[in-house]
$ cat query.pdb   # PDB, C-alpha atoms
ATOM      1  CA  MET S   1      20.463  -6.365  -7.819
ATOM      2  CA  ASP S   2      18.792  -7.506  -4.595
ATOM      3  CA  PRO S   3      15.186  -8.801  -4.768
ATOM      4  CA  ILE S   4      13.476  -5.614  -3.530
ATOM      5  CA  SER S   5      15.399  -3.471  -6.027
ATOM      6  CA  ASP S   6      14.692  -6.021  -8.751
ATOM      7  CA  VAL S   7      10.951  -6.118  -8.164
ATOM      8  CA  LEU S   8      10.529  -2.354  -7.834
ATOM      9  CA  SER S   9      12.589  -1.837 -10.986
ATOM     10  CA  LEU S  10      10.358  -4.298 -12.835
ATOM     11  CA  LEU S  11       7.180  -2.621 -11.586
ATOM     12  CA  ASN S  12       8.382   0.833 -12.649
ATOM     13  CA  PRO S  13       6.706   2.705  -9.762
ATOM     14  CA  ARG S  14       5.538   6.205 -10.593
ATOM     15  CA  ALA S  15       5.041   8.522  -7.651
ATOM     16  CA  SER S  16       2.352  11.147  -7.385
ATOM     17  CA  ILE S  17       2.815  13.417  -4.358
ATOM     18  CA  SER S  18      -0.203  15.593  -4.604
ATOM     19  CA  ALA S  19      -1.923  16.457  -1.379
ATOM     20  CA  SER S  20      -1.801  17.820   2.117
ATOM     21  CA  LEU S  21      -4.800  18.083   4.429
ATOM     22  CA  THR S  22      -4.953  20.414   7.416
ATOM     23  CA  THR S  23      -7.832  20.044   9.838
ATOM     24  CA  GLY S  24      -8.806  19.821  13.494
ATOM     25  CA  GLY S  25     -11.678  19.665  15.936
ATOM     26  CA  ASP S  26     -14.289  16.998  15.197
ATOM     27  CA  TRP S  27     -13.915  15.711  11.643
ATOM     28  CA  ALA S  28     -14.180  12.665   9.405
ATOM     29  CA  VAL S  29     -13.573  12.181   5.670
ATOM     30  CA  SER S  30     -14.078   9.194   3.404
ATOM     31  CA  PHE S  31     -11.745   8.101   0.591
ATOM     32  CA  PRO S  32     -12.783   5.989  -2.403
ATOM     33  CA  ALA S  33     -10.774   2.926  -3.397
ATOM     34  CA  HIS S  34      -7.464   3.976  -4.934
ATOM     35  CA  GLU S  35      -5.227   2.490  -7.598
ATOM     36  CA  GLY S  36      -1.720   1.421  -6.684
ATOM     37  CA  LEU S  37      -0.155   1.971  -3.253
ATOM     38  CA  LYS S  38      -1.102   4.995  -1.197
ATOM     39  CA  PHE S  39       0.991   6.434   1.597
ATOM     40  CA  VAL S  40       0.075   8.996   4.225
ATOM     41  CA  ALA S  41       2.222  10.639   6.890
ATOM     42  CA  VAL S  42       0.910  12.461   9.939
ATOM     43  CA  VAL S  43       2.919  15.667  10.191
ATOM     44  CA  ARG S  44       1.195  16.848  13.360
ATOM     45  CA  GLY S  45      -1.793  15.937  15.507
ATOM     46  CA  LEU S  46      -3.501  12.560  15.426
ATOM     47  CA  CYS S  47      -6.437  10.802  13.816
ATOM     48  CA  TRP S  48      -8.034   7.394  13.321
ATOM     49  CA  LEU S  49      -7.874   5.253  10.202
ATOM     50  CA  ALA S  50     -10.469   2.640   9.217
ATOM     51  CA  VAL S  51      -9.871   0.534   6.103
ATOM     52  CA  ASP S  52     -12.551  -1.633   4.488
ATOM     53  CA  GLY S  53     -11.919  -5.262   5.364
ATOM     54  CA  VAL S  54      -9.613  -4.460   8.303
ATOM     55  CA  THR S  55     -11.335  -5.286  11.583
ATOM     56  CA  GLU S  56     -10.001  -2.650  13.965
ATOM     57  CA  PRO S  57      -9.469   1.089  13.370
ATOM     58  CA  ILE S  58      -5.895   2.318  13.809
ATOM     59  CA  GLU S  59      -4.813   5.399  15.736
ATOM     60  CA  VAL S  60      -2.053   7.325  13.941
ATOM     61  CA  ARG S  61      -0.058  10.131  15.540
ATOM     62  CA  ALA S  62       2.482  12.755  14.524
ATOM     63  CA  GLY S  63       5.516  11.079  12.964
ATOM     64  CA  ASP S  64       3.620   7.922  11.988
ATOM     65  CA  CYS S  65       3.466   6.851   8.354
ATOM     66  CA  TYR S  66       1.308   4.205   6.736
ATOM     67  CA  LEU S  67       1.049   2.480   3.379
ATOM     68  CA  LEU S  68      -2.274   1.247   2.000
ATOM     69  CA  THR S  69      -1.417  -1.636  -0.304
ATOM     70  CA  THR S  70      -4.755  -2.662  -1.765
ATOM     71  CA  GLU S  71      -7.499  -0.815  -3.603
ATOM     72  CA  ARG S  72      -9.885  -0.376  -0.668
ATOM     73  CA  ALA S  73     -12.029   2.511   0.474
ATOM     74  CA  HIS S  74     -11.084   3.973   3.844
ATOM     75  CA  ARG S  75     -12.010   6.700   6.328
ATOM     76  CA  GLN S  76      -9.956   9.045   8.485
ATOM     77  CA  GLY S  77     -11.014  11.350  11.252
ATOM     78  CA  SER S  78     -10.895  12.445  14.861
ATOM     79  CA  ASP S  79     -14.084  10.450  15.474
ATOM     80  CA  LEU S  80     -15.056   7.726  12.999
ATOM     81  CA  SER S  81     -18.620   7.610  14.321
ATOM     82  CA  LEU S  82     -19.232  10.995  12.661
ATOM     83  CA  GLU S  83     -20.791  11.191   9.231
ATOM     84  CA  ALA S  84     -17.828  11.449   6.860
ATOM     85  CA  ASP S  85     -17.557  13.980   4.067
ATOM     86  CA  ASP S  86     -16.266  12.802   0.709
ATOM     87  CA  VAL S  87     -12.606  13.789   0.463
ATOM     88  CA  ARG S  88     -13.049  14.626  -3.229
ATOM     89  CA  ALA S  89     -15.337  17.491  -2.233
ATOM     90  CA  VAL S  90     -12.779  18.640   0.336
ATOM     91  CA  PHE S  91      -9.998  18.736  -2.251
ATOM     92  CA  ALA S  92     -12.187  20.482  -4.793
ATOM     93  CA  GLU S  93     -11.403  23.616  -2.752
ATOM     94  CA  ALA S  94      -7.672  22.868  -2.456
ATOM     95  CA  VAL S  95      -5.024  25.358  -3.557
ATOM     96  CA  ASP S  96      -1.867  23.829  -5.085
ATOM     97  CA  GLY S  97      -2.770  20.476  -3.573
ATOM     98  CA  ARG S  98      -3.211  21.894  -0.063
ATOM     99  CA  ALA S  99      -6.656  21.475   1.448
ATOM    100  CA  GLN S 100      -8.054  23.046   4.609
ATOM    101  CA  TYR S 101     -10.952  21.172   6.206
ATOM    102  CA  GLY S 102     -12.717  23.270   8.804
ATOM    103  CA  GLU S 103     -11.096  26.187  10.587
ATOM    104  CA  SER S 104      -8.724  24.391  12.973
ATOM    105  CA  GLN S 105      -5.185  23.317  12.105
ATOM    106  CA  GLU S 106      -4.223  20.872  14.870
ATOM    107  CA  THR S 107      -3.774  17.981  12.444
ATOM    108  CA  MET S 108      -1.855  17.887   9.178
ATOM    109  CA  LEU S 109      -1.472  14.960   6.799
ATOM    110  CA  ILE S 110       0.531  14.672   3.606
ATOM    111  CA  GLY S 111       0.041  11.860   1.144
ATOM    112  CA  GLY S 112       0.666  10.462  -2.261
ATOM    113  CA  ARG S 113       0.318   7.412  -4.407
ATOM    114  CA  PHE S 114       2.479   4.963  -6.325
ATOM    115  CA  SER S 115       1.135   3.572  -9.574
ATOM    116  CA  PHE S 116       2.693   0.544 -11.266
ATOM    117  CA  ASP S 117       2.682  -1.405 -14.476
ATOM    118  CA  ARG S 118      -0.476  -3.360 -13.661
ATOM    119  CA  GLU S 119       0.571  -6.551 -15.413
ATOM    120  CA  GLN S 120       3.132  -7.356 -12.710
ATOM    121  CA  VAL S 121       1.807  -5.479  -9.673
ATOM    122  CA  SER S 122       0.552  -8.655  -7.966
ATOM    123  CA  ILE S 123       4.199  -9.646  -7.429
ATOM    124  CA  LEU S 124       4.399  -6.900  -4.828
ATOM    125  CA  VAL S 125       0.931  -6.439  -3.367
ATOM    126  CA  ASP S 126       0.163 -10.144  -2.944
ATOM    127  CA  SER S 127       3.013 -10.244  -0.419
ATOM    128  CA  LEU S 128       1.744  -7.338   1.674
ATOM    129  CA  PRO S 129      -0.972  -6.823   4.312
ATOM    130  CA  PRO S 130      -3.673  -4.219   3.552
ATOM    131  CA  VAL S 131      -2.020  -1.650   5.847
ATOM    132  CA  ILE S 132       1.646  -1.230   6.754
ATOM    133  CA  LEU S 133       2.013   1.126   9.736
ATOM    134  CA  ILE S 134       5.404   2.574  10.665
ATOM    135  CA  ARG S 135       5.386   4.173  14.099
ATOM    136  CA  ALA S 136       7.389   7.296  14.896
ATOM    137  CA  GLY S 137       9.491   5.438  17.452
ATOM    138  CA  SER S 138      10.546   2.577  15.175
ATOM    139  CA  SER S 139      14.154   2.007  14.139
ATOM    140  CA  HIS S 140      13.429   3.198  10.586
ATOM    141  CA  ALA S 141      11.359   6.206  11.639
ATOM    142  CA  SER S 142      14.240   8.717  11.646
ATOM    143  CA  THR S 143      15.059   7.999   7.998
ATOM    144  CA  ILE S 144      11.388   8.148   7.008
ATOM    145  CA  SER S 145      11.020  11.408   8.919
ATOM    146  CA  TRP S 146      14.011  12.889   7.056
ATOM    147  CA  ILE S 147      12.531  11.863   3.697
ATOM    148  CA  LEU S 148       9.155  13.358   4.607
ATOM    149  CA  GLU S 149      10.762  16.639   5.669
ATOM    150  CA  ARG S 150      12.585  16.854   2.343
ATOM    151  CA  LEU S 151       9.361  16.018   0.481
ATOM    152  CA  GLY S 152       7.550  18.792   2.330
ATOM    153  CA  GLU S 153      10.264  21.290   1.440
ATOM    154  CA  GLU S 154      10.338  20.329  -2.241
ATOM    155  CA  LEU S 155       6.558  20.542  -2.486
ATOM    156  CA  SER S 156       6.284  23.918  -0.779
ATOM    157  CA  VAL S 157       9.341  25.807  -2.094
ATOM    158  CA  GLY S 158       9.146  24.778  -5.751
ATOM    159  CA  GLU S 159      12.832  25.186  -6.627
ATOM    160  CA  PRO S 160      14.169  24.109 -10.047
ATOM    161  CA  GLY S 161      14.271  20.317 -10.333
ATOM    162  CA  ALA S 162      11.628  19.866  -7.635
ATOM    163  CA  SER S 163       9.607  17.313  -9.588
ATOM    164  CA  LEU S 164      12.646  15.059 -10.043
ATOM    165  CA  MET S 165      13.609  15.399  -6.379
ATOM    166  CA  VAL S 166      10.067  14.529  -5.296
ATOM    167  CA  ASP S 167      10.058  11.460  -7.522
ATOM    168  CA  HIS S 168      13.364  10.149  -6.120
ATOM    169  CA  LEU S 169      12.416  10.915  -2.526
ATOM    170  CA  ALA S 170       9.114   9.094  -2.963
ATOM    171  CA  HIS S 171      10.939   6.006  -4.244
ATOM    172  CA  MET S 172      13.254   6.185  -1.228
ATOM    173  CA  LEU S 173      10.202   6.364   1.019
ATOM    174  CA  LEU S 174       8.675   3.253  -0.542
ATOM    175  CA  VAL S 175      11.886   1.248  -0.106
ATOM    176  CA  GLN S 176      12.278   2.427   3.479
ATOM    177  CA  VAL S 177       8.688   1.455   4.365
ATOM    178  CA  LEU S 178       9.241  -2.021   2.894
ATOM    179  CA  ARG S 179      12.492  -2.332   4.865
ATOM    180  CA  ALA S 180      10.719  -1.297   8.038
ATOM    181  CA  HIS S 181       7.986  -3.839   7.413
ATOM    182  CA  LEU S 182      10.556  -6.601   6.950
ATOM    183  CA  ALA S 183      12.316  -5.611  10.164
ATOM    184  CA  SER S 184       9.115  -5.282  12.199
ATOM    185  CA  GLY S 185       8.837  -8.959  13.109
ATOM    186  CA  GLU S 186       5.167  -8.962  12.121
ATOM    187  CA  ARG S 187       3.797 -12.051  10.436
ATOM    188  CA  LEU S 188       4.338 -11.686   6.704
ATOM    189  CA  LEU S 189       2.057 -13.185   4.119
ATOM    190  CA  THR S 190       3.136 -15.779   1.585
ATOM    191  CA  GLY S 191       5.306 -14.261  -1.128
ATOM    192  CA  TRP S 192       8.830 -13.213  -1.965
ATOM    193  CA  LEU S 193       8.843 -10.283   0.482
ATOM    194  CA  GLY S 194       7.974 -12.453   3.454
ATOM    195  CA  ALA S 195      10.515 -15.041   2.335
ATOM    196  CA  LEU S 196      13.272 -12.406   2.403
ATOM    197  CA  ALA S 197      12.949 -12.316   6.188
ATOM    198  CA  ASP S 198      13.909 -16.006   6.320
ATOM    199  CA  ALA S 199      17.697 -16.485   6.410
ATOM    200  CA  LYS S 200      17.779 -19.607   4.226
ATOM    201  CA  VAL S 201      15.071 -18.858   1.689
ATOM    202  CA  GLY S 202      16.061 -15.183   1.613
ATOM    203  CA  LEU S 203      19.604 -16.220   0.680
ATOM    204  CA  ALA S 204      18.298 -18.407  -2.160
ATOM    205  CA  LEU S 205      16.189 -15.534  -3.498
ATOM    206  CA  LYS S 206      19.155 -13.156  -3.405
ATOM    207  CA  LEU S 207      21.299 -15.688  -5.261
ATOM    208  CA  MET S 208      18.709 -16.218  -7.994
ATOM    209  CA  HIS S 209      18.032 -12.508  -8.411
ATOM    210  CA  GLY S 210      21.748 -11.775  -8.404
ATOM    211  CA  SER S 211      22.419 -14.207 -11.299
ATOM    212  CA  VAL S 212      19.084 -14.615 -13.055
ATOM    213  CA  GLY S 213      20.718 -16.058 -16.185
ATOM    214  CA  ARG S 214      22.628 -18.784 -14.367
ATOM    215  CA  ARG S 215      21.338 -22.324 -14.866
ATOM    216  CA  TRP S 216      20.473 -22.871 -11.243
ATOM    217  CA  THR S 217      19.721 -26.386 -10.030
ATOM    218  CA  LEU S 218      18.056 -27.460  -6.832
ATOM    219  CA  ALA S 219      21.403 -28.931  -5.791
ATOM    220  CA  ASP S 220      23.093 -25.506  -6.225
ATOM    221  CA  LEU S 221      20.554 -23.821  -3.972
ATOM    222  CA  THR S 222      20.489 -26.487  -1.270
ATOM    223  CA  ARG S 223      24.284 -26.501  -1.158
ATOM    224  CA  ALA S 224      24.351 -22.708  -0.772
ATOM    225  CA  THR S 225      21.765 -22.731   2.022
ATOM    226  CA  GLY S 226      23.172 -25.789   3.822
ATOM    227  CA  MET S 227      19.811 -27.577   3.825
ATOM    228  CA  SER S 228      18.661 -30.928   2.536
ATOM    229  CA  ARG S 229      16.797 -30.936  -0.773
ATOM    230  CA  SER S 230      13.460 -31.928   0.763
ATOM    231  CA  ALA S 231      13.697 -29.468   3.676
ATOM    232  CA  PHE S 232      14.698 -26.577   1.417
ATOM    233  CA  SER S 233      12.000 -27.276  -1.190
ATOM    234  CA  SER S 234       9.311 -27.563   1.496
ATOM    235  CA  ARG S 235      10.404 -24.368   3.261
ATOM    236  CA  PHE S 236      10.688 -22.386   0.019
ATOM    237  CA  LYS S 237       7.242 -23.454  -1.185
ATOM    238  CA  ARG S 238       5.642 -22.721   2.196
ATOM    239  CA  LEU S 239       7.036 -19.181   2.282
ATOM    240  CA  VAL S 240       6.991 -18.190  -1.392
ATOM    241  CA  GLY S 241       3.987 -20.192  -2.539
ATOM    242  CA  THR S 242       5.781 -22.054  -5.308
ATOM    243  CA  GLY S 243       8.889 -24.217  -5.771
ATOM    244  CA  PRO S 244      12.323 -22.551  -6.211
ATOM    245  CA  LEU S 245      12.845 -23.447  -9.868
ATOM    246  CA  ASP S 246       9.265 -22.537 -10.744
ATOM    247  CA  TYR S 247       9.798 -19.193  -9.006
ATOM    248  CA  LEU S 248      12.987 -18.657 -11.015
ATOM    249  CA  LEU S 249      11.185 -19.494 -14.255
ATOM    250  CA  ARG S 250       8.365 -17.068 -13.547
ATOM    251  CA  TRP S 251      10.758 -14.318 -12.502
ATOM    252  CA  ARG S 252      12.805 -14.774 -15.674
ATOM    253  CA  MET S 253       9.683 -14.438 -17.783
ATOM    254  CA  GLN S 254       8.632 -11.246 -15.968
ATOM    255  CA  VAL S 255      12.088  -9.821 -16.669
ATOM    256  CA  ALA S 256      11.834 -10.955 -20.295
ATOM    257  CA  ALA S 257       8.397  -9.356 -20.659
ATOM    258  CA  LYS S 258       9.693  -5.981 -19.512
ATOM    259  CA  ARG S 259      12.628  -6.169 -21.926
ATOM    260  CA  LEU S 260      10.356  -7.206 -24.787
ATOM    261  CA  ARG S 261       8.183  -4.181 -24.087
ATOM    262  CA  GLY S 262      11.294  -1.991 -24.217
ATOM    263  CA  GLY S 263      12.037  -3.173 -27.752
ATOM    264  CA  ALA S 264      15.779  -2.463 -27.580
ATOM    265  CA  GLU S 265      16.913  -6.115 -27.631
ATOM    266  CA  SER S 266      16.224  -9.032 -29.919
ATOM    267  CA  ILE S 267      14.474 -12.124 -28.630
ATOM    268  CA  THR S 268      17.698 -14.083 -29.179
ATOM    269  CA  GLU S 269      19.651 -11.643 -27.007
ATOM    270  CA  ILE S 270      17.048 -11.784 -24.242
ATOM    271  CA  ALA S 271      16.952 -15.585 -24.355
ATOM    272  CA  ALA S 272      20.740 -15.915 -24.071
ATOM    273  CA  SER S 273      20.986 -13.439 -21.191
ATOM    274  CA  LEU S 274      18.404 -15.429 -19.235
ATOM    275  CA  GLY S 275      20.223 -18.737 -19.607
ATOM    276  CA  TYR S 276      18.491 -20.295 -22.622
ATOM    277  CA  GLU S 277      20.565 -22.047 -25.273
ATOM    278  CA  SER S 278      18.050 -21.390 -28.038
ATOM    279  CA  GLU S 279      15.307 -18.951 -28.921
ATOM    280  CA  SER S 280      12.850 -21.840 -29.312
ATOM    281  CA  ALA S 281      13.482 -23.102 -25.757
ATOM    282  CA  PHE S 282      12.992 -19.593 -24.426
ATOM    283  CA  GLY S 283       9.860 -19.135 -26.534
ATOM    284  CA  SER S 284       8.288 -22.316 -25.165
ATOM    285  CA  ALA S 285       9.000 -21.248 -21.573
ATOM    286  CA  PHE S 286       7.698 -17.733 -22.188
ATOM    287  CA  LYS S 287       4.465 -18.977 -23.749
ATOM    288  CA  ARG S 288       3.903 -21.414 -20.891
ATOM    289  CA  VAL S 289       4.151 -18.640 -18.297
ATOM    290  CA  MET S 290       2.849 -15.564 -20.135
ATOM    291  CA  GLY S 291       0.216 -17.217 -22.313
ATOM    292  CA  ARG S 292       1.577 -16.181 -25.723
ATOM    293  CA  ALA S 293       4.774 -16.454 -27.745
ATOM    294  CA  PRO S 294       7.374 -13.664 -27.320
ATOM    295  CA  LYS S 295       6.771 -12.160 -30.769
ATOM    296  CA  ARG S 296       3.008 -12.082 -30.289
ATOM    297  CA  TYR S 297       3.461 -10.582 -26.813
ATOM    298  CA  GLN S 298       5.757  -7.904 -28.206
ATOM    299  CA  ARG S 299       3.358  -7.043 -31.048
ATOM    300  CA  ALA S 300       0.429  -6.838 -28.652
ATOM    301  CA  GLN S 301       2.290  -4.295 -26.477
ATOM    302  CA  GLY S 302       2.751  -2.023 -29.487
ATOM    303  CA  GLU S 303      -0.909  -2.019 -30.529
TER     304      GLU S 303
END

$ encode --input "query.pdb" --output "structure tokens"
Amino acid sequence: MDPISDVLSLLNPRASISASLTTGGDWAVSFPAHEGLKFVAVVRGLCWLAVDGVTEPIEVRAGDCYLLTTERAHRQGSDLSLEADDVRAVFAEAVDGRAQYGESQETMLIGGRFSFDREQVSILVDSLPPVILIRAGSSHASTISWILERLGEELSVGEPGASLMVDHLAHMLLVQVLRAHLASGERLLTGWLGALADAKVGLALKLMHGSVGRRWTLADLTRATGMSRSAFSSRFKRLVGTGPLDYLLRWRMQVAAKRLRGGAESITEIAASLGYESESAFGSAFKRVMGRAPKRYQRAQGE
């Protein structure tokens, strides 16, 4: 698989599409810090978004979509100088996840949240800014708009299989937002996602993810990217935050941890598939990265 598919598969994202908010006039609501990634789309109207720790408020209009990537409180409203009502009180009066705030209906938002296996979630969120904003006029906006329309239909009509459709559509939305962020040209933070935007380092990441069990050497990777060893190592570490072989080691151990939790394979089988000649060599590497031996890790997951 490619790196984005690999990482999202490892994190096992679970979507919760649970809310729409219709409002208008002068309004402001506050949201507590949330777990996981939260996304919101503006179906109609406009509002302002202020996120704790982000200097400037952001104006969002119909067709815009944004992803909140860290667990921070935030506020939304037509005027952020107003005293904000707690959104939990607003949704206490919701019917089937649809809340009406005030009597006007000029603005409508729909939103949801992705939760992850927390042990590995830093792989994704450490590479992302606090807010990813996708404007309606962007090159990826038409696809996002199509997904949001389908989500709205599945949520409102309630046909058989709706929950499965919503789950798949939400995963498509997450991938499309990450694609849009990569294509935006904005400065990306250190991490694998930012490195994917670099032609040379991105190629090396795709090669390693594509053959995670291959015994990659630095010479293999530099030859594939057409760079010198020193230039490649320096560029990889600057973008990813660690050396290429250390990255590969840590990724292998994250993959191994997920498979150990699944319990369907033996440690010997996992070790061989990840390029280790012996279970003991794999065990030493796993303990160095994950802090405990594979068997102890596996037992701890079952407790």

$ residues_around --input "query.pdb" --residues "S:Ser211" --least-positions-apart "6" --cutoff "12 Å" --atoms "all atoms listed in the file" --output "JSON list (two decimals) with C-alpha atoms, keeping the file's coordinate frame"
[["chain", "number", "residue", "atom", "x", "y", "z"],
["S", 1, "MET", "CA", 20.46, -6.36, -7.82],
["S", 2, "ASP", "CA", 18.79, -7.51, -4.60],
["S", 3, "PRO", "CA", 15.19, -8.80, -4.77],
["S", 6, "ASP", "CA", 14.69, -6.02, -8.75],
["S", 204, "ALA", "CA", 18.30, -18.41, -2.16],
["S", 205, "LEU", "CA", 16.19, -15.53, -3.50],
["S", 248, "LEU", "CA", 12.99, -18.66, -11.02],
["S", 251, "TRP", "CA", 10.76, -14.32, -12.50],
["S", 252, "ARG", "CA", 12.80, -14.77, -15.67],
["S", 273, "SER", "CA", 20.99, -13.44, -21.19],
["S", 274, "LEU", "CA", 18.40, -15.43, -19.24],
["S", 275, "GLY", "CA", 20.22, -18.74, -19.61]]

$ resolve_selection --input "query.pdb" --expression "the PyMOL selection byres ((chain S and resi 301) around 12)" --output "list of chain:residue names"
S:Glu119, S:Ala257, S:Lys258, S:Arg259, S:Leu260, S:Arg261, S:Gly262, S:Gly263, S:Arg292, S:Pro294, S:Lys295, S:Arg296, S:Tyr297, S:Gln298, S:Arg299, S:Ala300, S:Gly302, S:Glu303

$ residues_around --input "query.pdb" --residues "S:Ala99" --least-positions-apart "3" --cutoff "9 Å" --atoms "all atoms listed in the file" --output "ChimeraX atom specification"
/S:19-23,90-96

$ resolve_selection --input "query.pdb" --expression "the PyMOL selection byres ((chain S and resi 166) around 8)" --output "list in words"
Ile17, Leu151, Glu154, Leu155, Ala162, Ser163, Leu164, Met165, Asp167, His168, Leu169 and Ala170 of chain S

$ write_last_selection --input "query.pdb" --atoms "C-alpha atoms" --output "compact mmCIF listing (two decimals), keeping the file's coordinate frame"
# COMPACT_ATOMS: atom_id res chain seq x y z
CA ILE S 17 2.82 13.42 -4.36
CA LEU S 151 9.36 16.02 0.48
CA GLU S 154 10.34 20.33 -2.24
CA LEU S 155 6.56 20.54 -2.49
CA ALA S 162 11.63 19.87 -7.64
CA SER S 163 9.61 17.31 -9.59
CA LEU S 164 12.65 15.06 -10.04
CA MET S 165 13.61 15.40 -6.38
CA ASP S 167 10.06 11.46 -7.52
CA HIS S 168 13.36 10.15 -6.12
CA LEU S 169 12.42 10.92 -2.53
CA ALA S 170 9.11 9.09 -2.96

$ closest_residue --input "query.pdb" --among "S:Met227, S:Ala256, S:Met108, S:Leu80" --to "S:Met290" --atoms "only C-alpha atoms"
S:Ala256

$ closest_residue --input "query.pdb" --among "S:Ser266, S:Thr107, S:Ser145, S:Ser30" --to "S:Ala73" --atoms "all atoms listed in the file"
S:Ser30
